[in-house]
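Chemist: Have a look at this one before I ask anything.
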Amino acid sequence: MPALPVLWRDDHLVAVYKPAGWLVHRTGLDAGETRFVVQAVRDQLGQRVYPAHRLDKGTCGVLVLALHPEAASRLGQAFAEHRVHKRYLALVRGWAPEAADVDHALRPDDAPADAPPQPAQTRFTRLARCDWPEVSDPRFASTRASLVLAEPHTGRRHQIRRHLKHIAHPIIGDATHGKGPLNRWWAERLGLQRLWLHAWALTLPHPADGRPLVLHSGLPWPLNARAQQACTGAGAEAPTEAPWAAWQHLGGLLPWQWSATPPARP
């Protein structure tokens, strides 16, 4: 397997760029997959690693792994206590609202039908919108899409995907919560069939001393800016090839109307 880009590394944790299509670890639910982040990073670093959180197979971006059990325990506690600030980018159907706070409880996918739903909150901010002058649905004269910033305050499985579906703006390429015909239509225009969800940045308490640590995927902002090396600070190793090239391409391809106040790089 190819080496994964290292975004940050010290004696306690490592942050890598997880490509779309990779699983975090082996699972019987996807027995045919052969690309696993945990095994790849273990072999790459020559030591055991412990995933601190999860990303869906189709999601790319920042993934954090602990390098020893004590760090794994402290990071796990920080995630469980919602002391980690997460920022995602998503390409969604239609013109999303400028801002929306979604408070919609979610029942785990594999839970019994009578299981109580769990509290779940996500804040969405529209960063840009576009009006593509081709028709994907005969009911409309054009095809609309938005680029949104998602900040989940809780960590339910598929939370961002399910909350965007709840407000009628599913992520493009989401085979479970989106629309198949629209996903295929966009795949033809973008030249890529994938889930357009990117784990852009995490801010978490460092497991050694609790200081805030910002971990960034390296994706420059705005998306149509000239690509720069992914580097988050001391200890980072810049990849030789931008793993987020598809997102850069997206930024330059569509006729975006950008927000007047785009977010600063985390």
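The way I read the labels, and the way they are meant: chains A, B, ... in the order of the structure tokens, residue 1 as the first residue of every chain, and ligand 1 as the first ligand shown, with later ones counted on from there.
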Write out as a list in words which residues come within 8 Å of region 47-57 of chain A when counting only C-alpha atoms, dropping same-chain ones fewer than 3 positions away.
Modeler: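 In the requested format, the answer is Ala20, Gly21, Trp22, Leu23, Val24, Val38, Val41, Arg42, Asp43, Cys60, Leu63, Val64, Leu65, Ala66, Leu67, His68, Pro69, Ala72, Leu75, Gly76, Phe79 and His158 of chain A.
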Chemist: As a PyMOL selection string, which residues of region 51-193 of chain A does DSSP assign to strand (DSSP E or B)?
Modeler: chain A and resi 51+60-66+85-93+99-103+106+118+121-132+143-152+171
Chemist: Just the selected residues (N, CA and C atoms), exported as a CSV table (one decimal), in the first residue's frame, please.
Modeler:
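Printed below is part_10.csv as written:
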chain,number,residue,atom,x,y,z
A,51,PRO,N,-6.5,4.1,16.6
A,51,PRO,CA,-7.4,5.1,16.0
A,51,PRO,C,-8.1,5.8,17.1
A,60,CYS,N,-12.6,11.7,3.1
A,60,CYS,CA,-11.2,12.0,3.1
A,60,CYS,C,-10.9,13.0,4.1
A,61,GLY,N,-9.6,13.1,4.4
A,61,GLY,CA,-9.1,14.2,5.3
A,61,GLY,C,-8.4,13.8,6.5
A,62,VAL,N,-8.4,14.6,7.6
A,62,VAL,CA,-7.6,14.4,8.8
A,62,VAL,C,-8.1,13.2,9.6
A,63,LEU,N,-7.2,12.3,9.9
A,63,LEU,CA,-7.5,11.2,10.8
A,63,LEU,C,-6.4,11.1,11.8
A,64,VAL,N,-6.8,11.0,13.1
A,64,VAL,CA,-5.8,11.0,14.2
A,64,VAL,C,-5.7,9.6,14.8
A,65,LEU,N,-4.5,9.2,15.1
A,65,LEU,CA,-4.2,7.9,15.7
A,65,LEU,C,-3.2,8.2,16.9
A,66,ALA,N,-3.5,7.5,18.0
A,66,ALA,CA,-2.6,7.6,19.1
A,66,ALA,C,-1.4,6.6,18.9
A,85,HIS,N,-13.1,20.1,18.3
A,85,HIS,CA,-13.8,20.9,17.3
A,85,HIS,C,-13.5,20.4,15.9
A,86,LYS,N,-14.5,19.9,15.2
A,86,LYS,CA,-14.4,19.3,13.9
A,86,LYS,C,-14.9,20.2,12.8
A,87,ARG,N,-14.2,20.3,11.7
A,87,ARG,CA,-14.7,21.1,10.6
A,87,ARG,C,-14.6,20.3,9.3
A,88,TYR,N,-15.7,20.2,8.6
A,88,TYR,CA,-15.8,19.4,7.4
A,88,TYR,C,-16.3,20.3,6.3
A,89,LEU,N,-15.9,20.0,5.1
A,89,LEU,CA,-16.5,20.6,3.9
A,89,LEU,C,-17.3,19.6,3.2
A,90,ALA,N,-18.4,20.0,2.6
A,90,ALA,CA,-19.3,19.1,1.9
A,90,ALA,C,-19.9,19.8,0.7
A,91,LEU,N,-20.0,19.1,-0.4
A,91,LEU,CA,-20.7,19.5,-1.6
A,91,LEU,C,-22.1,18.9,-1.6
A,92,VAL,N,-23.2,19.8,-1.6
A,92,VAL,CA,-24.5,19.3,-1.3
A,92,VAL,C,-25.5,19.7,-2.5
A,93,ARG,N,-26.6,19.1,-2.5
A,93,ARG,CA,-27.6,19.4,-3.5
A,93,ARG,C,-28.3,20.7,-3.2
A,99,ALA,N,-26.9,29.8,7.0
A,99,ALA,CA,-26.5,29.2,8.2
A,99,ALA,C,-27.7,28.4,8.8
A,100,ALA,N,-27.4,27.2,9.4
A,100,ALA,CA,-28.5,26.4,10.0
A,100,ALA,C,-27.9,25.6,11.1
A,101,ASP,N,-28.6,25.6,12.3
A,101,ASP,CA,-28.2,24.8,13.4
A,101,ASP,C,-29.2,23.7,13.5
A,102,VAL,N,-28.8,22.5,13.2
A,102,VAL,CA,-29.7,21.3,13.2
A,102,VAL,C,-29.5,20.5,14.5
A,103,ASP,N,-30.6,20.4,15.2
A,103,ASP,CA,-30.7,19.7,16.4
A,103,ASP,C,-31.7,18.6,16.2
A,106,LEU,N,-30.7,11.2,16.5
A,106,LEU,CA,-30.4,10.1,15.5
A,106,LEU,C,-30.4,8.7,16.2
A,118,GLN,N,-30.5,9.2,19.8
A,118,GLN,CA,-29.5,9.9,20.6
A,118,GLN,C,-29.4,11.4,20.2
A,121,GLN,N,-26.3,17.3,17.2
A,121,GLN,CA,-26.4,18.7,16.8
A,121,GLN,C,-25.2,19.0,15.8
A,122,THR,N,-25.5,19.7,14.7
A,122,THR,CA,-24.5,20.1,13.7
A,122,THR,C,-24.9,21.6,13.3
A,123,ARG,N,-23.8,22.4,13.2
A,123,ARG,CA,-24.0,23.7,12.6
A,123,ARG,C,-23.5,23.7,11.2
A,124,PHE,N,-24.3,24.3,10.3
A,124,PHE,CA,-23.9,24.3,8.9
A,124,PHE,C,-23.8,25.8,8.4
A,125,THR,N,-22.8,26.1,7.7
A,125,THR,CA,-22.6,27.5,7.1
A,125,THR,C,-22.3,27.3,5.6
A,126,ARG,N,-23.1,28.0,4.8
A,126,ARG,CA,-22.9,28.0,3.4
A,126,ARG,C,-21.7,28.9,3.0
A,127,LEU,N,-20.7,28.2,2.3
A,127,LEU,CA,-19.5,29.0,1.9
A,127,LEU,C,-19.7,29.5,0.5
A,128,ALA,N,-20.4,28.8,-0.4
A,128,ALA,CA,-20.5,29.1,-1.8
A,128,ALA,C,-21.7,28.4,-2.4
A,129,ARG,N,-22.2,28.9,-3.5
A,129,ARG,CA,-23.3,28.3,-4.2
A,129,ARG,C,-23.1,28.4,-5.7
A,130,CYS,N,-23.6,27.5,-6.5
A,130,CYS,CA,-23.5,27.6,-7.9
A,130,CYS,C,-24.8,27.2,-8.6
A,131,ASP,N,-24.9,27.7,-9.8
A,131,ASP,CA,-26.1,27.4,-10.6
A,131,ASP,C,-25.6,26.9,-12.0
A,132,TRP,N,-25.5,25.6,-12.1
A,132,TRP,CA,-25.0,24.9,-13.3
A,132,TRP,C,-26.0,25.0,-14.4
A,143,THR,N,-29.2,23.3,-12.5
A,143,THR,CA,-28.9,22.4,-11.4
A,143,THR,C,-28.1,23.2,-10.4
A,144,ARG,N,-28.6,23.2,-9.2
A,144,ARG,CA,-27.9,24.0,-8.1
A,144,ARG,C,-27.1,23.1,-7.1
A,145,ALA,N,-26.1,23.7,-6.6
A,145,ALA,CA,-25.3,23.0,-5.6
A,145,ALA,C,-24.7,24.0,-4.6
A,146,SER,N,-24.3,23.6,-3.5
A,146,SER,CA,-23.7,24.4,-2.5
A,146,SER,C,-22.5,23.8,-1.9
A,147,LEU,N,-21.6,24.6,-1.4
A,147,LEU,CA,-20.4,24.1,-0.6
A,147,LEU,C,-20.7,24.6,0.8
A,148,VAL,N,-20.7,23.7,1.7
A,148,VAL,CA,-21.0,24.1,3.1
A,148,VAL,C,-19.9,23.6,4.1
A,149,LEU,N,-19.8,24.4,5.1
A,149,LEU,CA,-18.9,24.0,6.3
A,149,LEU,C,-19.8,23.4,7.3
A,150,ALA,N,-19.4,22.2,7.7
A,150,ALA,CA,-20.2,21.4,8.7
A,150,ALA,C,-19.3,21.3,10.0
A,151,GLU,N,-20.0,21.7,11.1
A,151,GLU,CA,-19.3,21.6,12.4
A,151,GLU,C,-20.2,20.8,13.4
A,152,PRO,N,-19.9,19.5,13.5
A,152,PRO,CA,-20.7,18.6,14.4
A,152,PRO,C,-20.3,18.8,15.8
A,171,ILE,N,-25.5,15.2,0.6
A,171,ILE,CA,-24.2,15.3,0.0
A,171,ILE,C,-24.2,14.6,-1.3
Chemist: Could you name the residues that touch Pro119 (chain A) at 12 Å or less, counting only C-alpha atoms, but leaving out those on the same chain fewer than 6 positions away, as a ChimeraX atom specification?
Modeler: /A:102-108,152-157,159,163
Chemist: From the options A:Gln248, A:His166, A:Trp256, A:Glu70, which residue's atoms come nearest to Leu13 (chain A), counting only C-alpha atoms?
Modeler: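 The answer is A:Glu70, which sits nearest to Leu13 (chain A).
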Chemist: Within 12 Å of Trp185 (chain A), counting only C-alpha atoms, which residues qualify if same-chain residues fewer than 2 places away don't, as a list in words?
Modeler: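 Here the answer would be Arg93, Trp132, Glu134, Val135, Ser136, Asp137, Thr143, Ile172, Gly173, Lys179, Gly180, Pro181, Leu182, Asn183, Ala187, Glu188, Arg189, Leu190, Gly191, Leu192 and Gln193 of chain A.
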Chemist: Taking only C-alpha atoms into account, which of A:Leu204, A:Ile167, A:Val214, A:Leu253 comes nearest Ala80 (chain A)?
Modeler: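 So, comparing all the options, the nearest one is A:Leu204.
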Chemist: Compare A:Pro133, A:Gly58, A:Pro222, A:Pro19 by their minimum atom-to-atom distance to Ala242 (chain A), counting only C-alpha atoms, and give me the closest one.
Modeler: A:Pro19
